[in-house]
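Coordinates as given in structure-v9.cif (mmCIF, C-alpha atoms):
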```
data_structure
loop_
_atom_site.label_atom_id
_atom_site.label_comp_id
_atom_site.auth_asym_id
_atom_site.auth_seq_id
_atom_site.Cartn_x
_atom_site.Cartn_y
_atom_site.Cartn_z
CA MET A 1 67.18 86.76 128.80
CA ASP A 2 68.13 83.94 131.18
CA MET A 3 71.17 81.70 130.70
CA SER A 4 69.29 78.70 129.26
CA SER A 5 67.55 80.85 126.65
CA ARG A 6 70.84 82.53 125.75
CA LEU A 7 72.57 79.16 125.30
CA LEU A 8 69.72 77.93 123.09
CA VAL A 9 69.97 81.01 120.86
CA LEU A 10 73.75 80.63 120.66
CA GLN A 11 73.37 76.98 119.61
CA GLN A 12 70.89 77.91 116.89
CA LEU A 13 73.17 80.73 115.76
CA ALA A 14 76.16 78.39 115.52
CA GLU A 15 74.19 75.79 113.55
CA SER A 16 72.59 78.23 111.11
CA CYS A 17 74.92 81.20 110.72
CA GLY A 18 78.24 79.55 111.59
CA THR A 19 77.99 76.54 109.30
CA SER A 20 76.63 78.43 106.30
CA THR A 21 79.20 81.21 106.69
CA VAL A 22 82.15 78.79 106.67
CA GLN A 23 80.74 76.89 103.69
CA GLN A 24 80.20 80.07 101.67
CA GLY A 25 83.63 81.38 102.61
CA VAL A 26 85.36 78.20 101.41
CA GLN A 27 83.27 78.03 98.22
CA GLN A 28 84.23 81.57 97.28
CA VAL A 29 87.99 81.21 97.64
CA TRP A 30 89.05 77.59 97.02
CA ARG A 31 89.56 78.08 93.27
CA LEU A 32 91.61 81.22 93.88
CA LEU A 33 93.80 79.36 96.36
CA LEU A 34 94.25 76.52 93.85
CA LEU A 35 95.42 79.03 91.23
CA CYS A 36 97.85 80.54 93.76
CA LEU A 37 99.30 77.11 94.48
CA LEU A 38 99.57 76.37 90.75
CA CYS A 39 101.42 79.64 90.19
CA ARG A 40 103.78 78.86 93.08
CA LEU A 41 104.61 75.43 91.66
CA CYS A 42 105.30 76.95 88.22
CA PHE A 43 107.68 79.45 89.80
CA ARG A 44 109.54 76.60 91.50
CA LEU A 45 109.93 74.58 88.28
CA GLY A 46 112.38 77.10 86.94
CA GLY A 47 112.69 77.86 83.27
CA VAL A 48 112.57 81.11 81.31
CA SER A 49 111.49 84.11 83.40
CA THR A 50 109.17 85.32 80.62
CA VAL A 51 107.18 82.10 80.94
CA LYS A 52 106.87 82.63 84.70
CA HIS A 53 105.58 86.17 84.18
CA ALA A 54 103.11 84.90 81.61
CA VAL A 55 101.86 82.25 84.05
CA SER A 56 101.43 84.94 86.72
CA ALA A 57 99.47 87.17 84.34
CA VAL A 58 97.27 84.37 82.95
CA THR A 59 96.39 82.89 86.35
CA GLY A 60 95.68 86.39 87.67
CA ALA A 61 93.41 87.18 84.71
CA TYR A 62 91.57 83.88 85.20
CA ALA A 63 91.12 84.64 88.92
CA LEU A 64 89.58 87.98 87.95
CA PHE A 65 87.23 86.16 85.57
CA LEU A 66 86.16 83.74 88.32
CA PHE A 67 85.15 86.62 90.57
CA PHE A 68 83.99 89.30 88.12
CA GLU A 69 83.35 87.44 84.83
CA LEU A 70 83.62 89.79 81.83
CA HIS A 71 83.80 92.84 84.07
CA MET A 72 87.42 91.84 84.59
CA LEU A 73 88.09 93.53 81.24
CA TRP A 74 87.98 96.88 83.06
CA VAL A 75 90.90 95.78 85.24
CA LEU A 76 92.80 94.53 82.20
CA ALA A 77 92.11 97.83 80.42
CA LEU A 78 93.56 99.76 83.34
CA SER A 79 96.65 97.53 83.32
CA ALA A 80 97.18 98.09 79.60
CA LEU A 81 96.65 101.84 79.96
CA CYS A 82 99.21 102.06 82.76
CA TYR A 83 101.87 100.24 80.74
CA LEU A 84 101.16 102.42 77.68
CA VAL A 85 101.67 105.56 79.77
CA LEU A 86 104.91 104.20 81.21
CA LEU A 87 106.11 103.25 77.74
CA LEU A 88 105.33 106.64 76.22
CA GLY A 89 106.93 108.48 79.13
CA ARG A 90 110.01 106.27 79.46
CA ARG A 91 112.31 109.28 78.99
CA SER A 92 110.44 111.45 81.47
CA SER A 93 111.46 111.99 85.10
CA SER A 94 107.87 112.65 86.27
CA ARG A 95 106.24 109.36 85.36
CA GLY A 96 104.85 108.88 88.86
CA LEU A 97 102.87 112.11 88.94
CA PHE A 98 101.70 111.79 85.34
CA LEU A 99 100.55 108.20 85.75
CA SER A 100 98.78 109.10 89.00
CA ALA A 101 96.80 111.76 87.14
CA VAL A 102 95.94 109.37 84.29
CA VAL A 103 94.82 106.66 86.70
CA LEU A 104 92.70 109.14 88.65
CA VAL A 105 90.97 110.31 85.47
CA TYR A 106 90.36 106.71 84.38
CA LEU A 107 88.83 105.77 87.74
CA LEU A 108 86.63 108.87 87.89
CA VAL A 109 85.41 108.58 84.29
CA GLY A 110 84.77 104.87 84.72
CA GLU A 111 82.76 105.37 87.89
CA LEU A 112 80.79 108.37 86.66
CA HIS A 113 80.11 107.53 83.03
CA LEU A 114 81.24 104.15 81.74
CA ILE A 115 79.79 101.54 84.08
CA ASP A 116 77.01 101.11 86.63
CA LYS A 117 77.77 101.67 90.31
CA VAL A 118 77.10 98.10 91.45
CA THR A 119 79.59 96.61 89.00
CA TRP A 120 82.19 99.27 89.68
CA HIS A 121 81.82 98.71 93.41
CA LYS A 122 82.57 95.01 92.92
CA ILE A 123 85.75 95.52 90.92
CA ARG A 124 86.95 98.57 92.88
CA GLY A 125 89.35 96.59 95.06
CA SER A 126 91.16 95.00 92.13
CA GLN A 127 91.27 98.32 90.30
CA MET A 128 92.87 99.89 93.37
CA VAL A 129 95.52 97.16 93.70
CA VAL A 130 96.49 97.45 90.02
CA ALA A 131 96.60 101.25 90.25
CA MET A 132 98.79 101.19 93.37
CA LYS A 133 101.23 98.75 91.81
CA ALA A 134 101.55 100.73 88.59
CA ILE A 135 101.95 104.08 90.38
CA SER A 136 104.56 102.70 92.79
CA LEU A 137 106.49 101.25 89.85
CA ALA A 138 106.39 104.62 88.08
CA PHE A 139 107.78 106.46 91.12
CA ASP A 140 110.43 103.76 91.61
CA LEU A 141 111.49 104.25 87.99
CA ASP A 142 111.74 108.01 88.59
CA ARG A 143 113.84 107.41 91.72
CA ARG A 144 116.02 104.80 89.96
CA THR A 145 115.01 102.20 92.55
CA VAL A 146 113.94 100.11 89.57
CA GLY A 147 116.58 100.33 86.87
CA ARG A 148 114.53 99.84 83.72
CA LEU A 149 110.97 99.63 82.46
CA PRO A 150 109.81 96.01 82.76
CA SER A 151 108.83 94.07 79.66
CA PRO A 152 105.07 93.75 78.94
CA ALA A 153 105.03 90.19 80.30
CA GLU A 154 106.91 91.21 83.45
CA PHE A 155 104.63 94.21 84.03
CA LEU A 156 101.42 92.23 83.55
CA GLY A 157 102.78 89.42 85.71
CA TYR A 158 103.35 91.99 88.47
CA VAL A 159 100.07 93.92 88.37
CA LEU A 160 97.98 90.77 87.77
CA PHE A 161 99.90 88.57 90.21
CA VAL A 162 97.31 85.98 91.23
CA GLY A 163 98.12 86.12 94.93
CA THR A 164 97.16 89.80 95.20
CA VAL A 165 94.97 90.78 92.25
CA VAL A 166 91.60 89.96 93.83
CA PHE A 167 91.94 90.70 97.55
CA GLY A 168 95.25 92.54 97.62
CA PRO A 169 97.53 93.53 99.17
CA TRP A 170 99.82 95.90 97.35
CA ILE A 171 103.31 94.47 97.01
CA SER A 172 106.38 96.18 95.61
CA PHE A 173 107.96 95.21 92.31
CA SER A 174 110.99 93.81 94.15
CA THR A 175 108.71 91.60 96.28
CA TYR A 176 107.11 90.23 93.12
CA ARG A 177 110.53 89.50 91.62
CA SER A 178 111.48 87.58 94.74
CA ALA A 179 108.27 85.55 94.44
CA VAL A 180 109.08 84.70 90.83
CA GLU A 181 112.54 83.47 91.83
CA GLY A 182 110.70 81.06 94.09
CA GLU A 183 111.72 80.19 97.65
CA ARG A 184 111.78 76.45 98.19
CA LEU A 185 108.65 74.67 99.37
CA SER A 186 108.70 74.00 103.11
CA TRP A 187 106.50 73.06 106.02
CA LEU A 188 107.02 76.56 107.43
CA TRP A 189 105.57 78.05 104.24
CA LEU A 190 102.60 75.68 104.26
CA ARG A 191 101.94 76.24 107.96
CA SER A 192 102.12 80.02 107.59
CA CYS A 193 99.66 79.99 104.69
CA SER A 194 97.26 77.66 106.49
CA LEU A 195 97.36 79.72 109.68
CA ARG A 196 96.50 82.93 107.78
CA LEU A 197 93.63 81.23 105.96
CA LEU A 198 92.28 79.83 109.23
CA ARG A 199 92.44 83.26 110.82
CA SER A 200 90.51 84.71 107.89
CA GLN A 201 87.67 82.24 108.37
CA LEU A 202 87.56 82.93 112.11
CA CYS A 203 87.34 86.66 111.43
CA LEU A 204 84.54 86.05 108.94
CA LEU A 205 82.64 84.12 111.61
CA VAL A 206 83.08 86.93 114.13
CA SER A 207 82.01 89.56 111.61
CA THR A 208 78.91 87.67 110.49
CA CYS A 209 77.78 85.61 113.47
CA VAL A 210 79.23 87.18 116.61
CA ALA A 211 79.59 90.96 116.32
CA PRO A 212 75.97 91.68 115.26
CA TYR A 213 74.74 89.90 118.41
CA LEU A 214 77.31 91.25 120.84
CA PHE A 215 74.87 93.21 123.02
CA PRO A 216 72.94 91.97 124.91
CA LEU A 217 72.93 88.37 123.63
CA LEU A 218 76.62 87.58 124.25
CA ILE A 219 77.46 90.38 126.67
CA PRO A 220 74.44 91.26 128.82
CA VAL A 221 74.80 95.05 128.75
CA TYR A 222 71.65 97.16 128.69
CA GLY A 223 70.93 100.85 129.00
CA ASN A 224 68.80 103.78 127.95
CA ALA A 225 68.21 104.96 124.39
CA VAL A 226 71.54 106.82 124.17
CA THR A 227 73.50 103.86 125.50
CA GLN A 228 71.74 101.51 123.11
CA ARG A 229 72.69 103.70 120.14
CA TRP A 230 76.36 103.59 121.15
CA LEU A 231 76.26 99.84 121.79
CA HIS A 232 74.72 99.30 118.36
CA ALA A 233 77.39 101.59 116.86
CA TYR A 234 80.08 99.47 118.55
CA GLU A 235 78.53 96.29 117.10
CA ASN A 236 78.59 97.82 113.62
CA ALA A 237 82.18 98.93 114.06
CA VAL A 238 83.39 95.53 115.31
CA SER A 239 81.57 93.72 112.49
CA PHE A 240 83.18 96.04 109.95
CA HIS A 241 86.60 95.65 111.58
CA PHE A 242 86.49 91.86 111.42
CA SER A 243 85.30 91.89 107.82
CA ASN A 244 88.47 93.87 107.08
CA TYR A 245 90.55 91.37 109.07
CA PHE A 246 88.96 88.58 107.03
CA VAL A 247 90.07 90.17 103.77
CA GLY A 248 93.47 91.07 105.23
CA HIS A 249 94.29 87.58 106.50
CA LEU A 250 92.90 86.04 103.32
CA SER A 251 95.18 88.27 101.25
CA GLU A 252 98.13 87.25 103.45
CA GLY A 253 97.34 83.58 102.86
CA SER A 254 96.78 83.90 99.11
CA SER A 255 99.92 86.02 98.62
CA MET A 256 102.15 83.61 100.54
CA LEU A 257 100.54 80.61 98.86
CA ALA A 258 101.56 82.14 95.53
CA GLY A 259 105.11 82.72 96.79
CA ALA A 260 105.18 86.34 98.00
CA GLY A 261 105.93 87.51 101.52
CA ALA A 262 109.17 85.74 102.40
CA THR A 263 111.99 87.59 104.14
CA GLU A 264 115.47 86.32 104.80
CA GLU A 265 117.47 87.18 107.89
CA LYS A 266 120.85 85.63 108.71
CA GLY A 267 120.21 82.77 106.31
CA HIS A 268 116.77 81.95 107.77
CA VAL A 269 113.66 82.38 105.62
CA ARG A 270 110.53 83.65 107.35
CA TRP A 271 107.03 83.86 105.88
CA ASP A 272 105.89 86.91 107.82
CA LEU A 273 103.79 89.00 105.45
CA SER A 274 101.52 91.20 107.60
CA VAL A 275 98.50 93.00 106.17
CA VAL A 276 96.38 93.61 109.28
CA ARG A 277 97.14 93.78 113.00
CA PRO A 278 93.81 93.25 114.77
CA LEU A 279 95.07 93.71 118.34
CA ALA A 280 96.56 97.10 117.48
CA VAL A 281 93.12 98.18 116.23
CA GLU A 282 90.83 96.66 118.86
CA LEU A 283 93.15 97.59 121.77
CA PRO A 284 94.78 100.70 120.31
CA ARG A 285 97.46 102.91 121.76
CA SER A 286 96.51 105.69 119.35
CA MET A 287 94.56 106.40 116.18
CA VAL A 288 97.88 106.88 114.40
CA LEU A 289 98.75 103.22 115.05
CA VAL A 290 95.20 102.16 114.14
CA VAL A 291 95.63 103.70 110.70
CA THR A 292 98.95 101.97 110.08
CA SER A 293 97.67 98.63 111.42
CA TRP A 294 94.40 98.65 109.46
CA ASN A 295 96.17 97.87 106.19
CA VAL A 296 99.94 97.74 106.63
CA PRO A 297 100.96 97.58 102.92
CA MET A 298 98.61 100.40 101.93
CA SER A 299 99.89 102.50 104.82
CA GLN A 300 103.44 101.92 103.56
CA TRP A 301 102.37 102.81 100.01
CA LEU A 302 100.69 106.04 101.09
CA LYS A 303 103.67 107.03 103.23
CA THR A 304 106.22 106.31 100.49
CA TYR A 305 104.44 107.60 97.41
CA ALA A 306 101.95 110.20 98.70
CA PHE A 307 103.05 111.60 102.06
CA LYS A 308 106.78 111.94 101.32
CA ASN A 309 106.12 113.55 97.93
CA ALA A 310 103.73 116.04 99.53
CA MET A 311 105.92 116.92 102.54
CA LYS A 312 107.26 119.98 100.75
CA LEU A 313 103.78 121.49 101.29
CA GLY A 314 104.04 121.08 105.07
CA THR A 315 103.02 118.35 107.51
CA PHE A 316 99.29 119.04 107.75
CA PRO A 317 98.80 119.59 103.99
CA ALA A 318 100.79 116.39 103.36
CA ILE A 319 98.45 114.50 105.69
CA LEU A 320 95.42 115.88 103.83
CA VAL A 321 96.96 114.95 100.48
CA THR A 322 97.64 111.42 101.77
CA TYR A 323 94.10 110.83 103.01
CA THR A 324 92.64 112.45 99.88
CA ALA A 325 94.71 110.09 97.73
CA SER A 326 93.42 107.15 99.77
CA ALA A 327 89.83 108.36 99.41
CA LEU A 328 90.17 108.78 95.63
CA LEU A 329 91.69 105.32 95.24
CA HIS A 330 88.72 103.89 97.13
CA GLY A 331 86.36 105.59 94.67
CA LEU A 332 83.70 108.27 94.83
CA SER A 333 82.12 106.98 98.01
CA PHE A 334 80.86 109.67 100.36
CA HIS A 335 81.02 107.54 103.50
CA LEU A 336 84.60 106.34 102.85
CA GLY A 337 85.70 109.83 101.92
CA ALA A 338 84.09 111.25 105.05
CA VAL A 339 85.75 108.62 107.25
CA LEU A 340 89.18 108.99 105.68
CA LEU A 341 89.21 112.80 105.78
CA SER A 342 87.93 112.70 109.36
CA LEU A 343 90.78 110.31 110.15
CA GLY A 344 93.20 112.82 108.70
CA PHE A 345 92.09 115.49 111.18
CA ILE A 346 91.83 113.05 114.10
CA THR A 347 95.32 111.60 113.64
CA TYR A 348 96.91 115.01 113.12
CA VAL A 349 95.31 116.55 116.23
CA GLU A 350 96.11 113.46 118.30
CA HIS A 351 99.74 113.49 117.11
CA VAL A 352 100.44 117.16 117.83
CA LEU A 353 98.55 117.11 121.16
CA ARG A 354 100.39 114.07 122.50
CA LYS A 355 103.70 115.44 121.23
CA LYS A 356 103.10 118.70 123.09
CA LEU A 357 102.01 116.92 126.30
CA ALA A 358 105.03 114.61 126.09
CA SER A 359 107.26 117.68 125.87
CA ILE A 360 105.55 119.45 128.79
CA PHE A 361 105.57 116.46 131.14
CA SER A 362 108.72 114.80 129.70
CA ALA A 363 106.73 111.58 129.56
CA CYS A 364 106.35 108.66 127.15
CA ILE A 365 102.84 109.54 125.94
CA LEU A 366 103.51 109.97 122.22
CA SER A 367 101.24 108.39 119.62
CA ARG A 368 103.90 105.76 119.01
CA PRO A 369 105.75 103.89 121.78
CA CYS A 370 109.06 105.47 122.73
CA SER A 371 112.34 103.64 122.27
CA SER A 372 114.11 102.33 125.36
CA ASP A 373 116.74 105.09 125.16
CA CYS A 374 114.37 108.04 124.73
CA SER A 375 115.10 111.30 126.60
CA HIS A 376 111.81 111.42 128.54
CA GLN A 377 112.20 111.42 132.33
CA HIS A 378 108.92 109.64 133.05
CA LYS A 379 108.45 106.30 131.33
CA LYS A 380 106.44 103.79 133.34
CA GLU A 381 104.92 105.79 136.20
CA TYR A 382 101.29 105.05 136.94
CA TRP A 383 100.11 108.46 135.75
CA VAL A 384 101.93 107.93 132.42
CA SER A 385 100.12 104.63 131.97
CA LEU A 386 96.87 106.33 132.95
CA LEU A 387 97.30 109.05 130.33
CA ASN A 388 98.07 106.45 127.67
CA LEU A 389 94.96 104.54 128.75
CA VAL A 390 92.85 107.68 128.39
CA PHE A 391 94.09 108.14 124.82
CA SER A 392 93.45 104.44 124.12
CA LEU A 393 89.85 104.78 125.31
CA LEU A 394 89.52 107.91 123.21
CA ALA A 395 90.72 105.95 120.17
CA ILE A 396 88.14 103.20 120.83
CA PHE A 397 85.49 105.92 121.10
CA GLN A 398 86.53 107.38 117.73
CA LEU A 399 86.62 103.93 116.11
CA THR A 400 83.08 103.28 117.34
CA TYR A 401 81.93 106.64 116.05
CA LEU A 402 83.57 106.29 112.63
CA GLY A 403 82.48 102.67 112.23
CA SER A 404 78.86 103.28 113.20
CA MET A 405 77.80 103.89 109.61
CA PHE A 406 78.96 100.52 108.27
CA ASP A 407 75.62 98.85 108.79
CA PRO A 408 74.21 96.62 106.02
CA GLY A 409 70.71 97.53 107.17
CA VAL A 410 67.90 96.24 105.03
CA ASP A 411 68.69 97.74 101.63
CA GLU A 412 71.08 95.42 99.76
CA GLN A 413 71.13 97.77 96.76
CA GLU A 414 72.50 100.56 98.96
CA VAL A 415 75.25 98.28 100.25
CA GLU A 416 76.27 97.17 96.75
CA GLU A 417 76.40 100.74 95.44
CA GLY A 418 78.02 102.18 98.55
CA TYR A 419 76.29 103.99 101.36
CA ALA A 420 74.62 107.27 100.43
CA ALA A 421 75.55 110.61 101.98
CA LEU A 422 72.27 110.74 103.90
CA HIS A 423 73.07 107.41 105.53
CA THR A 424 76.39 108.75 106.82
CA ILE A 425 74.88 112.00 108.06
CA HIS A 426 72.01 110.14 109.73
CA ARG A 427 74.33 107.74 111.58
CA TRP A 428 76.62 110.48 112.86
CA SER A 429 73.73 112.77 113.77
CA GLU A 430 72.26 109.91 115.84
CA LEU A 431 75.47 110.07 117.87
CA ASN A 432 75.26 113.90 118.00
CA TRP A 433 78.44 114.28 115.92
CA ALA A 434 80.30 113.41 119.12
CA GLY A 435 83.52 112.27 117.42
CA HIS A 436 83.93 115.53 115.53
CA TRP A 437 83.16 117.60 118.63
CA VAL A 438 85.77 115.67 120.60
CA VAL A 439 88.50 116.20 118.01
CA LEU A 440 87.59 119.91 117.88
CA ALA A 441 87.87 120.12 121.67
CA CYS A 442 91.28 118.38 121.55
CA TRP A 443 92.47 120.84 118.92
CA VAL A 444 91.28 123.84 120.97
CA PHE A 445 93.05 122.41 124.04
CA TYR A 446 96.22 121.95 122.00
CA ARG A 447 96.09 125.57 120.84
CA LEU A 448 95.58 126.78 124.41
CA ILE A 449 98.71 125.02 125.68
CA GLN A 450 100.86 126.11 122.76
#
```
Turn the structure described in the file into structure tokens.
Amino acid sequence: MDMSSRLLVLQQLAESCGTSTVQQGVQQVWRLLLLCLLCRLCFRLGGVSTVKHAVSAVTGAYALFLFFELHMLWVLALSALCYLVLLLGRRSSSRGLFLSAVVLVYLLVGELHLIDKVTWHKIRGSQMVVAMKAISLAFDLDRRTVGRLPSPAEFLGYVLFVGTVVFGPWISFSTYRSAVEGERLSWLWLRSCSLRLLRSQLCLLVSTCVAPYLFPLLIPVYGNAVTQRWLHAYENAVSFHFSNYFVGHLSEGSSMLAGAGATEEKGHVRWDLSVVRPLAVELPRSMVLVVTSWNVPMSQWLKTYAFKNAMKLGTFPAILVTYTASALLHGLSFHLGAVLLSLGFITYVEHVLRKKLASIFSACILSRPCSSDCSHQHKKEYWVSLLNLVFSLLAIFQLTYLGSMFDPGVDEQEVEEGYAALHTIHRWSELNWAGHWVVLACWVFYRLIQ
């Protein structure tokens, strides 16, 4: 395709896809953002805290109704069930584990028997946010981080907080309390919210109108059949990545607009809530950092309430428990479960291999960047940078492989219900299961140098 033809296609793409995508994006979220702003103003007016919690719960429930209509009752039912369990077990010291089991049963029974897959798939995100908040609160009560069981209004205000109940993210109970206290309105707050919302729309544009046409329309790269399969896999992965960034930045904006996400340091208030870190994913140092940057609050939740509680089983079992917990929270979806469990093996093998190589060569090639005062002899030599680059390219390869299955294809019903197992197997078999073979080879190499 010559340059003039490419420019004509790009112009048509911008006029058709770009305009409609922005319009649909704004139409879907403007009422939610208005509710977030209303909640924020109510928090700033002062008054009885119970009234503030009630406003948070009511606006959150109405936001759920706007997006899910009467199916929002399933989210409300889960919220009520969680509080009932906490109330009945208020004298127990194992509320976290017990509530986790109850929530898991509720989610599995709901998905398998009580509701159709399409509807459950739509409300899954809100169910997950409510479950994570309730479970974290239960563990915090067990650890005495939270001194007492919140009142019903305070609990519902927390789990149904309008800034997070639809798109997330998970926030701690202390973060919600700070939001209720209400930092003053400022230009910094408004600018931070606006910037996050603008980023979300840009990511939506890239996901919908840029990534699917990356090769060869935007970047003239061609090749044989094998190369074309990998280029198409990369397009799918990038489109999926930016759809996640869209939701992540949108959740940052909605949360801060409702008053959450402020931190204070030396008397200065900063609105610096971070849900996603796109650069750390698209230009990764390691898969370990990709996982933590994909959804920062969820990574913190899994580390605090899953990984640390399972560490008594050992490091590798704790990693498997963590990724299994993440998969179960996301629902009975074969493709998500396959990706998350594969990530568990990939990150573990990468971590132990780089740790061993760093010890052998005394070099800064760990999965995470070393501190300036680390004990390694070799820090910035060219071969150290080269090794880190090799692992970065390997991470991009694994991201392309894992993201290859996230292709809307032609069957909208399959997308709404979640991709079938055959879809996942077909996508990975097209790429000759290369990602799994690579991680197996890395593990064998690690065992040989032990």
Expected selection from the PyMOL selection byres ((chain A and resi 209) around 12), given as number ranges by chain: A: 9-22, 201-208, 210-214, 217-218, 235, 238-239, 242-243
Pull C-alpha atoms from the residues just selected and write them as a short mmCIF file (atom, residue, chain, number, x, y, z; two decimals), in the frame of the given file.
```cif
data_model
loop_
_atom_site.label_atom_id
_atom_site.label_comp_id
_atom_site.auth_asym_id
_atom_site.auth_seq_id
_atom_site.Cartn_x
_atom_site.Cartn_y
_atom_site.Cartn_z
CA VAL A 9 69.97 81.01 120.86
CA LEU A 10 73.75 80.63 120.66
CA GLN A 11 73.37 76.98 119.61
CA GLN A 12 70.89 77.91 116.89
CA LEU A 13 73.17 80.73 115.76
CA ALA A 14 76.16 78.39 115.52
CA GLU A 15 74.19 75.79 113.55
CA SER A 16 72.59 78.23 111.11
CA CYS A 17 74.92 81.20 110.72
CA GLY A 18 78.24 79.55 111.59
CA THR A 19 77.99 76.54 109.30
CA SER A 20 76.63 78.43 106.30
CA THR A 21 79.20 81.21 106.69
CA VAL A 22 82.15 78.79 106.67
CA GLN A 201 87.67 82.24 108.37
CA LEU A 202 87.56 82.93 112.11
CA CYS A 203 87.34 86.66 111.43
CA LEU A 204 84.54 86.05 108.94
CA LEU A 205 82.64 84.12 111.61
CA VAL A 206 83.08 86.93 114.13
CA SER A 207 82.01 89.56 111.61
CA THR A 208 78.91 87.67 110.49
CA VAL A 210 79.23 87.18 116.61
CA ALA A 211 79.59 90.96 116.32
CA PRO A 212 75.97 91.68 115.26
CA TYR A 213 74.74 89.90 118.41
CA LEU A 214 77.31 91.25 120.84
CA LEU A 217 72.93 88.37 123.63
CA LEU A 218 76.62 87.58 124.25
CA GLU A 235 78.53 96.29 117.10
CA VAL A 238 83.39 95.53 115.31
CA SER A 239 81.57 93.72 112.49
CA PHE A 242 86.49 91.86 111.42
CA SER A 243 85.30 91.89 107.82
#
```
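Distances from A:Trp301, A:Ala54, A:Gly46, A:Glu430 to Ala225 in chain A were compared using all atoms listed in the file, and the smallest one belongs to A:Glu430.
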Ground truth for the PyMOL selection byres ((chain A and resi 351) around 10), written as a list in words: Ser286, Met287, Val288, Phe345, Ile346, Thr347, Tyr348, Val349, Glu350, Val352, Leu353, Arg354, Lys355, Lys356, Leu366, Ser367 and Arg368 of chain A
Using all atoms listed in the file, tabulate the residues of range 7-112 of chain A lying at most 7 Å from any atom of range 154-162 of chain A, each with its closest atom pair and that distance in Å to one decimal, by chain and increasing residue number, as a tab-separated table.
```
residue	atom	partner	partner_atom	distance
A:Cys36	CA	A:Val162	CA	6.0
A:Thr50	CA	A:Glu154	CA	6.9
A:His53	CA	A:Gly157	CA	4.6
A:Ala54	CA	A:Gly157	CA	6.1
A:Ser56	CA	A:Gly157	CA	4.8
A:Ala57	CA	A:Gly157	CA	4.2
A:Thr59	CA	A:Val162	CA	5.8
A:Gly60	CA	A:Val162	CA	3.9
A:Ala61	CA	A:Leu160	CA	6.6
A:Ala63	CA	A:Val162	CA	6.7
```
Output C-alpha atoms for every residue in the selection just made, as a compact mmCIF listing (two decimals), in the frame of the given file.
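As written to disk, selection_12.txt reads:
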```
# COMPACT_ATOMS: atom_id res chain seq x y z
CA CYS A 36 97.85 80.54 93.76
CA THR A 50 109.17 85.32 80.62
CA HIS A 53 105.58 86.17 84.18
CA ALA A 54 103.11 84.90 81.61
CA SER A 56 101.43 84.94 86.72
CA ALA A 57 99.47 87.17 84.34
CA THR A 59 96.39 82.89 86.35
CA GLY A 60 95.68 86.39 87.67
CA ALA A 61 93.41 87.18 84.71
CA ALA A 63 91.12 84.64 88.92
```
Using all atoms listed in the file: which of A:Ser333, A:Ser251, A:Ser200, A:Asn388 has the shortest distance to Trp120 in chain A: A:Ser333
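What separates CA of Leu273 in chain A from CA of Gly261 in chain A is a distance of 4.7 Å.
In this model, the gap between CA of His423 in chain A and CA of His241 in chain A comes to 18.9 Å.
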Residue members of the PyMOL selection byres ((chain A and resi 305) around 9) in the file shown, as number ranges by chain: A: 96, 135-136, 139, 300-304, 306-310, 322
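Coordinates place CA of Leu399 in chain A at a distance of 28.5 Å from CA of Glu111 in chain A.
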8 Å contact set for Trp189 in chain A, all atoms listed in the file, chain neighbours under 4 positions out, as a PyMOL selection string: chain A and resi 185+193+256-257+271
Surrounding residues of Val296 in chain A excluding itself and chain neighbours under 6 positions, 7 Å, all atoms listed in the file, as a ChimeraX atom specification: /A:274-276
Expected answer as a ChimeraX atom specification: all residues with atoms within 10 Å of (94.1, 103.6, 94.9), all atoms listed in the file: /A:100,103-104,107,124-133,135,170,298,301-302,325-331
Just the residues within 12 Å of Val269 in chain A, please, counting only C-alpha atoms, with nothing from its chain fewer than 6 positions along; format it as a CSV table (one decimal) with C-alpha atoms, in the frame of the given file.
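File written: part-v8.csv
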```csv
chain,number,residue,atom,x,y,z
A,182,GLY,CA,110.7,81.1,94.1
A,183,GLU,CA,111.7,80.2,97.6
A,184,ARG,CA,111.8,76.4,98.2
A,185,LEU,CA,108.6,74.7,99.4
A,186,SER,CA,108.7,74.0,103.1
A,187,TRP,CA,106.5,73.1,106.0
A,188,LEU,CA,107.0,76.6,107.4
A,189,TRP,CA,105.6,78.0,104.2
A,192,SER,CA,102.1,80.0,107.6
A,261,GLY,CA,105.9,87.5,101.5
A,262,ALA,CA,109.2,85.7,102.4
A,263,THR,CA,112.0,87.6,104.1
```
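When the distance limit is 8 Å and all atoms listed in the file are what count, the residues near Ala258 in chain A, minus those fewer than 4 positions from it on the same chain, are A:Cys36, A:Leu37, A:Leu38, A:Cys39, A:Arg40, A:Val162, A:Gly163, A:Ala179, A:Ser254.
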Exercise: Arg143 in chain A partners within 10 Å, all atoms listed in the file, chain neighbours under 6 positions left out, as a VMD selection string: chain A and resid 93 to 94 96 137
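Minimum atom-to-atom distance to Thr164 in chain A, evaluated using all atoms listed in the file, belongs to A:Leu250 out of A:Ala233, A:Val281, A:Met72, A:Leu250.
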